[in-house]
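This is start-v5.csv. It holds CSV, N, CA and C atoms and all ligand atoms.
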chain,number,residue,atom,x,y,z
A,1,MET,N,-8.6,3.2,-17.9
A,1,MET,CA,-7.8,3.7,-16.8
A,1,MET,C,-8.2,5.2,-16.6
A,2,SER,N,-8.1,5.5,-15.3
A,2,SER,CA,-8.4,6.9,-15.0
A,2,SER,C,-7.2,7.6,-14.3
A,3,GLN,N,-7.2,8.9,-14.3
A,3,GLN,CA,-6.2,9.6,-13.6
A,3,GLN,C,-6.5,9.9,-12.2
A,4,ALA,N,-5.6,9.7,-11.3
A,4,ALA,CA,-5.9,9.9,-9.9
A,4,ALA,C,-5.8,11.4,-9.6
A,5,ASP,N,-6.4,11.7,-8.4
A,5,ASP,CA,-6.4,13.1,-7.9
A,5,ASP,C,-4.9,13.6,-7.9
A,6,GLN,N,-4.7,14.9,-8.4
A,6,GLN,CA,-3.4,15.4,-8.5
A,6,GLN,C,-2.7,15.5,-7.1
A,7,ALA,N,-3.4,15.9,-6.1
A,7,ALA,CA,-2.7,16.1,-4.8
A,7,ALA,C,-2.2,14.7,-4.3
A,8,LEU,N,-3.0,13.7,-4.6
A,8,LEU,CA,-2.6,12.3,-4.2
A,8,LEU,C,-1.4,11.9,-5.0
A,9,VAL,N,-1.4,12.2,-6.3
A,9,VAL,CA,-0.3,11.8,-7.2
A,9,VAL,C,1.0,12.6,-6.7
A,10,ASP,N,0.9,13.8,-6.3
A,10,ASP,CA,2.0,14.6,-5.8
A,10,ASP,C,2.6,14.0,-4.6
A,11,THR,N,1.7,13.5,-3.7
A,11,THR,CA,2.2,12.9,-2.4
A,11,THR,C,2.9,11.6,-2.8
A,12,LEU,N,2.3,10.8,-3.7
A,12,LEU,CA,3.0,9.6,-4.1
A,12,LEU,C,4.3,9.8,-4.7
A,13,LEU,N,4.4,10.8,-5.6
A,13,LEU,CA,5.7,11.1,-6.3
A,13,LEU,C,6.7,11.6,-5.3
A,14,THR,N,6.3,12.4,-4.3
A,14,THR,CA,7.3,12.8,-3.3
A,14,THR,C,7.8,11.7,-2.5
A,15,THR,N,6.8,10.8,-2.1
A,15,THR,CA,7.2,9.6,-1.3
A,15,THR,C,8.1,8.7,-2.1
A,16,LEU,N,7.8,8.5,-3.4
A,16,LEU,CA,8.6,7.7,-4.3
A,16,LEU,C,10.0,8.2,-4.4
A,17,GLY,N,10.1,9.5,-4.4
A,17,GLY,CA,11.4,10.2,-4.5
A,17,GLY,C,12.2,10.0,-3.2
A,18,ASN,N,11.5,9.8,-2.1
A,18,ASN,CA,12.2,9.7,-0.8
A,18,ASN,C,12.5,8.2,-0.5
A,19,ALA,N,12.0,7.3,-1.3
A,19,ALA,CA,12.3,5.9,-1.1
A,19,ALA,C,13.8,5.6,-1.0
A,20,TYR,N,14.2,4.7,-0.1
A,20,TYR,CA,15.6,4.3,0.0
A,20,TYR,C,15.7,2.9,-0.5
A,21,ALA,N,16.1,2.8,-1.8
A,21,ALA,CA,16.1,1.5,-2.5
A,21,ALA,C,17.4,1.4,-3.3
A,22,PRO,N,18.6,1.5,-2.6
A,22,PRO,CA,19.9,1.5,-3.4
A,22,PRO,C,20.2,0.1,-3.9
A,23,TYR,N,19.6,-0.9,-3.4
A,23,TYR,CA,20.0,-2.3,-3.8
A,23,TYR,C,19.1,-2.8,-5.0
A,24,SER,N,17.8,-2.5,-4.9
A,24,SER,CA,17.0,-3.0,-6.0
A,24,SER,C,16.8,-1.9,-7.1
A,25,ASN,N,17.0,-0.7,-6.7
A,25,ASN,CA,16.7,0.5,-7.6
A,25,ASN,C,15.2,0.4,-8.0
A,26,HIS,N,14.4,-0.1,-7.1
A,26,HIS,CA,13.0,-0.2,-7.4
A,26,HIS,C,12.2,0.5,-6.3
A,27,PRO,N,12.1,1.9,-6.4
A,27,PRO,CA,11.4,2.6,-5.4
A,27,PRO,C,9.9,2.4,-5.5
A,28,VAL,N,9.3,2.3,-4.3
A,28,VAL,CA,7.8,2.1,-4.3
A,28,VAL,C,7.3,3.1,-3.2
A,29,ALA,N,6.1,3.7,-3.5
A,29,ALA,CA,5.4,4.6,-2.6
A,29,ALA,C,4.0,4.0,-2.3
A,30,ALA,N,3.5,4.2,-1.1
A,30,ALA,CA,2.2,3.8,-0.8
A,30,ALA,C,1.5,4.9,0.0
A,31,VAL,N,0.2,5.0,-0.1
A,31,VAL,CA,-0.6,5.9,0.7
A,31,VAL,C,-1.8,5.1,1.2
A,32,MET,N,-1.9,5.1,2.6
A,32,MET,CA,-3.1,4.5,3.2
A,32,MET,C,-4.1,5.6,3.5
A,33,GLU,N,-5.3,5.4,3.1
A,33,GLU,CA,-6.3,6.4,3.4
A,33,GLU,C,-7.4,5.8,4.3
A,34,CYS,N,-7.7,6.5,5.4
A,34,CYS,CA,-8.6,6.0,6.4
A,34,CYS,C,-10.0,6.6,6.1
A,35,PRO,N,-11.1,6.0,6.7
A,35,PRO,CA,-12.4,6.4,6.4
A,35,PRO,C,-12.7,7.9,6.6
A,36,ASP,N,-11.9,8.6,7.5
A,36,ASP,CA,-12.1,10.0,7.7
A,36,ASP,C,-11.3,10.8,6.7
A,37,GLY,N,-10.6,10.2,5.8
A,37,GLY,CA,-9.9,10.9,4.7
A,37,GLY,C,-8.4,11.2,5.0
A,38,GLN,N,-8.0,10.9,6.3
A,38,GLN,CA,-6.6,11.1,6.6
A,38,GLN,C,-5.8,10.1,5.8
A,39,GLN,N,-4.6,10.6,5.3
A,39,GLN,CA,-3.7,9.8,4.5
A,39,GLN,C,-2.4,9.6,5.2
A,40,PHE,N,-1.8,8.5,5.0
A,40,PHE,CA,-0.5,8.2,5.5
A,40,PHE,C,0.4,7.6,4.5
A,41,ALA,N,1.5,8.2,4.2
A,41,ALA,CA,2.4,7.8,3.1
A,41,ALA,C,3.6,7.0,3.7
A,42,GLY,N,4.1,6.1,2.9
A,42,GLY,CA,5.3,5.3,3.2
A,42,GLY,C,6.0,4.9,2.0
A,43,SER,N,7.3,4.9,2.1
A,43,SER,CA,8.2,4.4,1.0
A,43,SER,C,8.9,3.2,1.4
A,44,ASN,N,9.5,2.4,0.5
A,44,ASN,CA,10.3,1.3,0.8
A,44,ASN,C,11.6,1.7,1.4
A,45,VAL,N,12.1,0.9,2.3
A,45,VAL,CA,13.4,1.2,3.0
A,45,VAL,C,14.2,-0.1,3.0
A,46,GLU,N,15.2,-0.1,2.1
A,46,GLU,CA,16.0,-1.3,2.0
A,46,GLU,C,17.2,-1.2,2.9
A,47,VAL,N,17.8,-2.3,3.3
A,47,VAL,CA,19.0,-2.3,4.1
A,47,VAL,C,19.9,-3.4,3.6
A,48,ALA,N,21.2,-3.3,4.0
A,48,ALA,CA,22.3,-4.1,3.3
A,48,ALA,C,22.0,-5.6,3.5
A,49,HIS,N,21.3,-6.0,4.5
A,49,HIS,CA,21.1,-7.5,4.7
A,49,HIS,C,19.8,-7.9,4.0
A,50,TYR,N,19.3,-7.0,3.2
A,50,TYR,CA,18.1,-7.3,2.3
A,50,TYR,C,16.8,-7.5,3.0
A,51,LYS,N,16.7,-7.4,4.3
A,51,LYS,CA,15.4,-7.5,5.0
A,51,LYS,C,14.8,-6.2,5.2
A,52,GLY,N,14.5,-5.5,4.1
A,52,GLY,CA,14.0,-4.2,4.2
A,52,GLY,C,12.5,-4.1,4.5
A,53,LEU,N,12.0,-2.9,4.4
A,53,LEU,CA,10.6,-2.7,4.6
A,53,LEU,C,9.9,-2.2,3.4
A,54,CYS,N,8.7,-2.8,3.1
A,54,CYS,CA,8.0,-2.4,1.9
A,54,CYS,C,7.3,-1.0,2.2
A,55,ALA,N,6.9,-0.4,1.1
A,55,ALA,CA,6.3,0.9,1.2
A,55,ALA,C,4.9,0.8,1.9
A,56,GLU,N,4.2,-0.3,1.6
A,56,GLU,CA,2.9,-0.5,2.3
A,56,GLU,C,3.0,-0.7,3.8
A,57,ALA,N,4.1,-1.5,4.2
A,57,ALA,CA,4.3,-1.7,5.6
A,57,ALA,C,4.7,-0.4,6.3
A,58,SER,N,5.5,0.4,5.6
A,58,SER,CA,5.9,1.7,6.1
A,58,SER,C,4.7,2.6,6.3
A,59,ALA,N,3.8,2.7,5.3
A,59,ALA,CA,2.6,3.5,5.4
A,59,ALA,C,1.6,3.0,6.5
A,60,ILE,N,1.5,1.7,6.6
A,60,ILE,CA,0.6,1.1,7.6
A,60,ILE,C,1.2,1.4,9.0
A,61,SER,N,2.5,1.4,9.2
A,61,SER,CA,3.1,1.8,10.5
A,61,SER,C,2.8,3.2,10.8
A,62,ALA,N,2.8,4.1,9.9
A,62,ALA,CA,2.5,5.5,10.1
A,62,ALA,C,1.0,5.6,10.5
A,63,MET,N,0.2,4.9,9.8
A,63,MET,CA,-1.3,4.9,10.1
A,63,MET,C,-1.6,4.4,11.6
A,64,ILE,N,-1.0,3.3,11.9
A,64,ILE,CA,-1.2,2.8,13.2
A,64,ILE,C,-0.6,3.7,14.3
A,65,THR,N,0.5,4.2,14.1
A,65,THR,CA,1.2,5.1,15.0
A,65,THR,C,0.3,6.3,15.3
A,66,ALA,N,-0.5,6.7,14.3
A,66,ALA,CA,-1.4,7.9,14.5
A,66,ALA,C,-2.7,7.5,15.1
A,67,GLY,N,-2.9,6.2,15.4
A,67,GLY,CA,-4.1,5.8,16.1
A,67,GLY,C,-5.2,5.3,15.2
A,68,GLN,N,-5.0,5.2,13.9
A,68,GLN,CA,-6.0,4.7,12.9
A,68,GLN,C,-5.9,3.2,12.9
A,69,ARG,N,-7.1,2.6,12.5
A,69,ARG,CA,-7.2,1.2,12.5
A,69,ARG,C,-7.9,0.6,11.3
A,70,GLU,N,-8.4,1.5,10.4
A,70,GLU,CA,-9.2,1.0,9.3
A,70,GLU,C,-8.8,1.7,8.0
A,71,LEU,N,-8.7,0.8,7.0
A,71,LEU,CA,-8.3,1.3,5.6
A,71,LEU,C,-9.6,1.5,4.7
A,72,ALA,N,-9.7,2.7,4.2
A,72,ALA,CA,-10.7,2.9,3.1
A,72,ALA,C,-10.2,2.6,1.8
A,73,LYS,N,-9.0,3.2,1.6
A,73,LYS,CA,-8.3,3.1,0.2
A,73,LYS,C,-6.8,2.9,0.4
A,74,VAL,N,-6.2,2.2,-0.5
A,74,VAL,CA,-4.8,2.0,-0.5
A,74,VAL,C,-4.3,2.3,-1.9
A,75,TYR,N,-3.3,3.1,-2.0
A,75,TYR,CA,-2.7,3.5,-3.3
A,75,TYR,C,-1.2,3.1,-3.3
A,76,VAL,N,-0.8,2.4,-4.4
A,76,VAL,CA,0.5,1.9,-4.5
A,76,VAL,C,1.1,2.4,-5.8
A,77,MET,N,2.3,3.0,-5.8
A,77,MET,CA,2.9,3.5,-7.0
A,77,MET,C,4.3,3.0,-7.1
A,78,GLY,N,4.6,2.3,-8.3
A,78,GLY,CA,5.9,1.8,-8.5
A,78,GLY,C,6.7,2.8,-9.4
A,79,PRO,N,7.9,2.4,-9.8
A,79,PRO,CA,8.8,3.4,-10.5
A,79,PRO,C,8.5,3.5,-12.0
A,80,GLY,N,7.5,2.9,-12.5
A,80,GLY,CA,7.3,3.0,-14.0
A,80,GLY,C,5.8,2.7,-14.4
A,81,GLU,N,5.7,2.0,-15.5
A,81,GLU,CA,4.4,1.7,-16.1
A,81,GLU,C,3.8,0.4,-15.6
A,82,HIS,N,4.7,-0.5,-15.1
A,82,HIS,CA,4.2,-1.8,-14.7
A,82,HIS,C,3.3,-1.8,-13.5
A,83,LEU,N,2.6,-2.9,-13.4
A,83,LEU,CA,1.6,-3.1,-12.3
A,83,LEU,C,2.4,-3.5,-11.1
A,84,CYS,N,2.6,-2.5,-10.2
A,84,CYS,CA,3.5,-2.8,-9.0
A,84,CYS,C,2.5,-3.1,-7.8
A,85,THR,N,2.1,-4.4,-7.8
A,85,THR,CA,1.1,-4.8,-6.8
A,85,THR,C,1.8,-5.1,-5.5
A,86,PRO,N,1.0,-5.0,-4.4
A,86,PRO,CA,1.6,-5.4,-3.1
A,86,PRO,C,2.1,-6.8,-3.1
A,87,CYS,N,3.2,-7.1,-2.4
A,87,CYS,CA,3.7,-8.4,-2.3
A,87,CYS,C,2.8,-9.2,-1.3
A,88,GLY,N,3.1,-10.5,-1.2
A,88,GLY,CA,2.3,-11.4,-0.4
A,88,GLY,C,2.2,-11.0,1.0
A,89,ASP,N,3.3,-10.6,1.6
A,89,ASP,CA,3.3,-10.2,3.0
A,89,ASP,C,2.4,-8.9,3.2
A,90,CYS,N,2.6,-8.0,2.2
A,90,CYS,CA,1.8,-6.8,2.4
A,90,CYS,C,0.3,-7.0,2.1
A,91,ARG,N,0.0,-7.9,1.3
A,91,ARG,CA,-1.5,-8.3,1.1
A,91,ARG,C,-2.1,-8.7,2.5
A,92,GLN,N,-1.3,-9.5,3.2
A,92,GLN,CA,-1.8,-9.9,4.5
A,92,GLN,C,-1.8,-8.7,5.5
A,93,ARG,N,-0.8,-7.8,5.4
A,93,ARG,CA,-0.8,-6.6,6.3
A,93,ARG,C,-2.0,-5.7,6.0
A,94,ILE,N,-2.3,-5.5,4.7
A,94,ILE,CA,-3.5,-4.7,4.3
A,94,ILE,C,-4.7,-5.4,4.8
A,95,ARG,N,-4.8,-6.7,4.6
A,95,ARG,CA,-6.0,-7.5,5.0
A,95,ARG,C,-6.3,-7.2,6.5
A,96,GLU,N,-5.3,-7.1,7.3
A,96,GLU,CA,-5.5,-6.9,8.8
A,96,GLU,C,-6.4,-5.7,9.0
A,97,PHE,N,-6.4,-4.6,8.2
A,97,PHE,CA,-7.1,-3.4,8.5
A,97,PHE,C,-8.1,-3.0,7.4
A,98,ALA,N,-8.3,-4.0,6.5
A,98,ALA,CA,-9.3,-3.7,5.4
A,98,ALA,C,-10.7,-4.1,5.8
A,99,THR,N,-11.6,-3.6,5.0
A,99,THR,CA,-13.0,-4.1,5.1
A,99,THR,C,-13.4,-4.6,3.7
A,100,PRO,N,-14.6,-5.2,3.6
A,100,PRO,CA,-15.0,-5.6,2.3
A,100,PRO,C,-15.0,-4.5,1.2
A,101,SER,N,-15.2,-3.3,1.7
A,101,SER,CA,-15.3,-2.2,0.7
A,101,SER,C,-14.0,-1.4,0.5
A,102,THR,N,-12.9,-1.9,1.2
A,102,THR,CA,-11.6,-1.2,0.9
A,102,THR,C,-11.2,-1.4,-0.5
A,103,GLN,N,-10.7,-0.3,-1.1
A,103,GLN,CA,-10.2,-0.4,-2.5
A,103,GLN,C,-8.7,-0.3,-2.5
A,104,ILE,N,-8.0,-1.1,-3.3
A,104,ILE,CA,-6.6,-1.1,-3.4
A,104,ILE,C,-6.3,-0.7,-4.8
A,105,MET,N,-5.6,0.4,-5.0
A,105,MET,CA,-5.4,0.9,-6.4
A,105,MET,C,-3.9,0.9,-6.7
A,106,VAL,N,-3.5,0.4,-7.8
A,106,VAL,CA,-2.1,0.4,-8.2
A,106,VAL,C,-2.0,1.5,-9.4
A,107,LEU,N,-1.1,2.4,-9.2
A,107,LEU,CA,-0.9,3.5,-10.1
A,107,LEU,C,0.4,3.5,-10.9
A,108,SER,N,0.4,4.0,-12.0
A,108,SER,CA,1.7,4.2,-12.8
A,108,SER,C,2.4,5.5,-12.2
A,109,LYS,N,3.6,5.7,-12.6
A,109,LYS,CA,4.3,6.9,-12.1
A,109,LYS,C,3.7,8.1,-12.7
A,110,GLN,N,2.9,8.0,-13.7
A,110,GLN,CA,2.2,9.1,-14.3
A,110,GLN,C,0.9,9.4,-13.6
A,111,GLY,N,0.5,8.6,-12.6
A,111,GLY,CA,-0.7,8.9,-11.9
A,111,GLY,C,-1.9,8.2,-12.4
A,112,GLU,N,-1.8,7.3,-13.4
A,112,GLU,CA,-2.9,6.6,-13.9
A,112,GLU,C,-3.2,5.4,-13.0
A,113,VAL,N,-4.5,5.2,-12.7
A,113,VAL,CA,-4.9,4.1,-11.9
A,113,VAL,C,-4.9,2.9,-12.9
A,114,LEU,N,-3.9,2.0,-12.8
A,114,LEU,CA,-3.7,0.9,-13.7
A,114,LEU,C,-4.7,-0.2,-13.4
A,115,LYS,N,-5.0,-0.4,-12.1
A,115,LYS,CA,-5.9,-1.5,-11.7
A,115,LYS,C,-6.4,-1.2,-10.3
A,116,THR,N,-7.7,-1.6,-10.0
A,116,THR,CA,-8.3,-1.4,-8.7
A,116,THR,C,-8.7,-2.8,-8.2
A,117,TYR,N,-8.4,-3.1,-7.0
A,117,TYR,CA,-8.7,-4.4,-6.4
A,117,TYR,C,-9.6,-4.2,-5.2
A,118,THR,N,-10.4,-5.2,-4.9
A,118,THR,CA,-11.0,-5.3,-3.6
A,118,THR,C,-10.1,-6.2,-2.8
A,119,MET,N,-10.3,-6.2,-1.5
A,119,MET,CA,-9.4,-7.1,-0.7
A,119,MET,C,-9.6,-8.6,-1.1
A,120,ASP,N,-10.8,-8.9,-1.4
A,120,ASP,CA,-11.1,-10.3,-1.7
A,120,ASP,C,-10.4,-10.7,-3.1
A,121,SER,N,-10.3,-9.7,-4.0
A,121,SER,CA,-9.7,-10.1,-5.3
A,121,SER,C,-8.2,-10.1,-5.1
A,122,LEU,N,-7.6,-9.3,-4.2
A,122,LEU,CA,-6.2,-9.2,-4.0
A,122,LEU,C,-5.7,-10.4,-3.1
A,123,LEU,N,-6.5,-10.9,-2.2
A,123,LEU,CA,-6.1,-12.0,-1.4
A,123,LEU,C,-7.4,-12.8,-1.0
A,124,PRO,N,-7.7,-13.7,-2.0
A,124,PRO,CA,-9.0,-14.4,-1.8
A,124,PRO,C,-9.0,-15.4,-0.6
A,125,ASP,N,-10.1,-15.5,0.1
A,125,ASP,CA,-10.2,-16.5,1.2
A,125,ASP,C,-9.1,-16.2,2.2
A,126,ALA,N,-8.8,-15.0,2.5
A,126,ALA,CA,-7.7,-14.6,3.4
A,126,ALA,C,-8.0,-15.0,4.8
A,127,PHE,N,-7.0,-15.4,5.5
A,127,PHE,CA,-7.0,-15.5,6.9
A,127,PHE,C,-7.0,-14.1,7.5
A,128,GLY,N,-7.9,-13.9,8.6
A,128,GLY,CA,-7.9,-12.6,9.1
A,128,GLY,C,-8.2,-12.7,10.6
A,129,PRO,N,-8.3,-11.5,11.3
A,129,PRO,CA,-8.4,-11.5,12.7
A,129,PRO,C,-9.7,-12.2,13.2
A,130,GLU,N,-10.7,-12.2,12.4
A,130,GLU,CA,-12.0,-12.9,12.9
A,130,GLU,C,-11.9,-14.4,12.9
A,131,GLN,N,-10.8,-14.9,12.3
A,131,GLN,CA,-10.6,-16.4,12.4
A,131,GLN,C,-10.0,-16.8,13.7
A,132,LEU,N,-9.5,-15.9,14.5
A,132,LEU,CA,-8.8,-16.2,15.7
A,132,LEU,C,-9.9,-16.2,16.9
A,133,PRO,N,-9.7,-17.1,17.8
A,133,PRO,CA,-10.7,-17.2,18.9
A,133,PRO,C,-10.8,-15.9,19.7
A,134,GLY,N,-12.0,-15.6,20.1
A,134,GLY,CA,-12.2,-14.4,20.9
A,134,GLY,C,-12.3,-13.1,20.1
A,135,ARG,N,-12.4,-13.2,18.7
A,135,ARG,CA,-12.5,-12.0,17.9
A,135,ARG,C,-13.9,-11.9,17.3
B,1,ZN,ZN,5.4,-5.9,0.5

As a first step, turn the structure in this file into structure tokens.
Amino acid sequence: MSQADQALVDTLLTTLGNAYAPYSNHPVAAVMECPDGQQFAGSNVEVAHYKGLCAEASAISAMITAGQRELAKVYVMGPGEHLCTPCGDCRQRIREFATPSTQIMVLSKQGEVLKTYTMDSLLPDAFGPEQLPGR
């Protein structure tokens, strides 16, 4: 395991602290990094009817809102030592903007990179935009 860049870890920790997770008590932070190095953070946002928003979806929304369309790196940090991997829905969301070289890294709250995935290892044989007609 390796230690992630401290500025990135600080961003993830701040984002984790801003998560709104009063029901699960499981805050999550994500940072989407684009090929030009721009980063977009997002935290999970829970709501009383349980249909909340994952941190990855939150960060992707910020990225798209800023006009970016491609992911170079994805960082996900959970509240502890366990491997807080993106859920199934978020794997598909990440897939939408990933390339074969996109790296998805899951970090501990201490900033250690616990595991690094490629898109294909995270969501093998995924359905993607190129499978739709006209793409
Ligand atoms: Zn998710």

Close residues to ligand ZN 1 (chain B) using all atoms listed in the file, limit 6 Å, as a ChimeraX atom specification: /A:54-57,86-91

Any idea what's packed within 9 Å of A:Ala72, counting only C-alpha atoms, ignoring anything in its chain fewer than 3 positions away? Could you give it as a ChimeraX atom specification? /A:32-37,98-99,101-104

Would you mind listing what lies within 6.5 Å of A:Gly78 as a VMD selection string, with only N, CA and C atoms counted and same-chain residues fewer than 3 positions away left out? chain A and resid 27 to 29 81 84 107 to 109

Residue among A:Gln110, A:Val45, A:Asn18, A:Asn25 lying closest to A:Gly80, counting all atoms listed in the file: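 Ranked by minimum distance to A:Gly80, first place goes to A:Gln110.
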
Given only N, CA and C atoms as the counted atoms, nearest of A:Pro100, A:Ile94, A:Leu114, A:Tyr23 to A:Ala48: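 Result for the nearest residue to A:Ala48: A:Tyr23.
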
Please identify the alpha helix (DSSP H) residues within chain A (assignment by DSSP from backbone atoms) and present them as a short mmCIF file (atom, residue, chain, number, x, y, z; two decimals) with N, CA and C atoms, keeping the file's coordinate frame.
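The result, written out as selection.cif:
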data_model
loop_
_atom_site.label_atom_id
_atom_site.label_comp_id
_atom_site.auth_asym_id
_atom_site.auth_seq_id
_atom_site.Cartn_x
_atom_site.Cartn_y
_atom_site.Cartn_z
N GLN A 6 -4.70 14.90 -8.40
CA GLN A 6 -3.40 15.40 -8.50
C GLN A 6 -2.70 15.50 -7.10
N ALA A 7 -3.40 15.90 -6.10
CA ALA A 7 -2.70 16.10 -4.80
C ALA A 7 -2.20 14.70 -4.30
N LEU A 8 -3.00 13.70 -4.60
CA LEU A 8 -2.60 12.30 -4.20
C LEU A 8 -1.40 11.90 -5.00
N VAL A 9 -1.40 12.20 -6.30
CA VAL A 9 -0.30 11.80 -7.20
C VAL A 9 1.00 12.60 -6.70
N ASP A 10 0.90 13.80 -6.30
CA ASP A 10 2.00 14.60 -5.80
C ASP A 10 2.60 14.00 -4.60
N THR A 11 1.70 13.50 -3.70
CA THR A 11 2.20 12.90 -2.40
C THR A 11 2.90 11.60 -2.80
N LEU A 12 2.30 10.80 -3.70
CA LEU A 12 3.00 9.60 -4.10
C LEU A 12 4.30 9.80 -4.70
N LEU A 13 4.40 10.80 -5.60
CA LEU A 13 5.70 11.10 -6.30
C LEU A 13 6.70 11.60 -5.30
N THR A 14 6.30 12.40 -4.30
CA THR A 14 7.30 12.80 -3.30
C THR A 14 7.80 11.70 -2.50
N THR A 15 6.80 10.80 -2.10
CA THR A 15 7.20 9.60 -1.30
C THR A 15 8.10 8.70 -2.10
N LEU A 16 7.80 8.50 -3.40
CA LEU A 16 8.60 7.70 -4.30
C LEU A 16 10.00 8.20 -4.40
N GLY A 17 10.10 9.50 -4.40
CA GLY A 17 11.40 10.20 -4.50
C GLY A 17 12.20 10.00 -3.20
N ASN A 18 11.50 9.80 -2.10
CA ASN A 18 12.20 9.70 -0.80
C ASN A 18 12.50 8.20 -0.50
N ALA A 55 6.90 -0.40 1.10
CA ALA A 55 6.30 0.90 1.20
C ALA A 55 4.90 0.80 1.90
N GLU A 56 4.20 -0.30 1.60
CA GLU A 56 2.90 -0.50 2.30
C GLU A 56 3.00 -0.70 3.80
N ALA A 57 4.10 -1.50 4.20
CA ALA A 57 4.30 -1.70 5.60
C ALA A 57 4.70 -0.40 6.30
N SER A 58 5.50 0.40 5.60
CA SER A 58 5.90 1.70 6.10
C SER A 58 4.70 2.60 6.30
N ALA A 59 3.80 2.70 5.30
CA ALA A 59 2.60 3.50 5.40
C ALA A 59 1.60 3.00 6.50
N ILE A 60 1.50 1.70 6.60
CA ILE A 60 0.60 1.10 7.60
C ILE A 60 1.20 1.40 9.00
N SER A 61 2.50 1.40 9.20
CA SER A 61 3.10 1.80 10.50
C SER A 61 2.80 3.20 10.80
N ALA A 62 2.80 4.10 9.90
CA ALA A 62 2.50 5.50 10.10
C ALA A 62 1.00 5.60 10.50
N MET A 63 0.20 4.90 9.80
CA MET A 63 -1.30 4.90 10.10
C MET A 63 -1.60 4.40 11.60
N ILE A 64 -1.00 3.30 11.90
CA ILE A 64 -1.20 2.80 13.20
C ILE A 64 -0.60 3.70 14.30
N THR A 65 0.50 4.20 14.10
CA THR A 65 1.20 5.10 15.00
C THR A 65 0.30 6.30 15.30
N GLY A 88 3.10 -10.50 -1.20
CA GLY A 88 2.30 -11.40 -0.40
C GLY A 88 2.20 -11.00 1.00
N ASP A 89 3.30 -10.60 1.60
CA ASP A 89 3.30 -10.20 3.00
C ASP A 89 2.40 -8.90 3.20
N CYS A 90 2.60 -8.00 2.20
CA CYS A 90 1.80 -6.80 2.40
C CYS A 90 0.30 -7.00 2.10
N ARG A 91 0.00 -7.90 1.30
CA ARG A 91 -1.50 -8.30 1.10
C ARG A 91 -2.10 -8.70 2.50
N GLN A 92 -1.30 -9.50 3.20
CA GLN A 92 -1.80 -9.90 4.50
C GLN A 92 -1.80 -8.70 5.50
N ARG A 93 -0.80 -7.80 5.40
CA ARG A 93 -0.80 -6.60 6.30
C ARG A 93 -2.00 -5.70 6.00
N ILE A 94 -2.30 -5.50 4.70
CA ILE A 94 -3.50 -4.70 4.30
C ILE A 94 -4.70 -5.40 4.80
N ARG A 95 -4.80 -6.70 4.60
CA ARG A 95 -6.00 -7.50 5.00
C ARG A 95 -6.30 -7.20 6.50
N GLU A 96 -5.30 -7.10 7.30
CA GLU A 96 -5.50 -6.90 8.80
C GLU A 96 -6.40 -5.70 9.00
N PHE A 97 -6.40 -4.60 8.20
CA PHE A 97 -7.10 -3.40 8.50
C PHE A 97 -8.10 -3.00 7.40
N MET A 119 -10.30 -6.20 -1.50
CA MET A 119 -9.40 -7.10 -0.70
C MET A 119 -9.60 -8.60 -1.10
N ASP A 120 -10.80 -8.90 -1.40
CA ASP A 120 -11.10 -10.30 -1.70
C ASP A 120 -10.40 -10.70 -3.10
N SER A 121 -10.30 -9.70 -4.00
CA SER A 121 -9.70 -10.10 -5.30
C SER A 121 -8.20 -10.10 -5.10
N LEU A 122 -7.60 -9.30 -4.20
CA LEU A 122 -6.20 -9.20 -4.00
C LEU A 122 -5.70 -10.40 -3.10
#

Which residue, A:Glu130, A:Ala66, A:Ala30, A:Ala4, has the smallest gap to A:Gly111 when you use all atoms listed in the file?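 Under the stated criterion, the closest residue is A:Ala4.
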
Give me, please, the distance in Å between atom N of A:Pro129 and atom CA of A:Val76, quoted to one decimal.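 Atom-to-atom, atom N of A:Pro129 and atom CA of A:Val76 are spaced 22.5 Å apart.
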
Could you give me the residues within chain A that DSSP places in strand (DSSP E), as a VMD selection string? chain A and resid 2 to 3 29 to 33 39 to 43 73 to 77 103 to 107 112 to 118

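Of the listed residues (A:Gln39, A:Phe97, A:Ile64, A:Ala19), A:Gln39 comes nearest to A:Ala7; the distances count only C-alpha atoms.
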
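The interatomic distance for the pair atom N of A:Ser2 and atom CA of A:Glu112 works out to 5.5 Å.
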
To one decimal in Å, tell me the separation between atom C of A:Val47 and atom CA of A:Thr85.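 For atom C of A:Val47 relative to atom CA of A:Thr85, the distance reads 21.5 Å.
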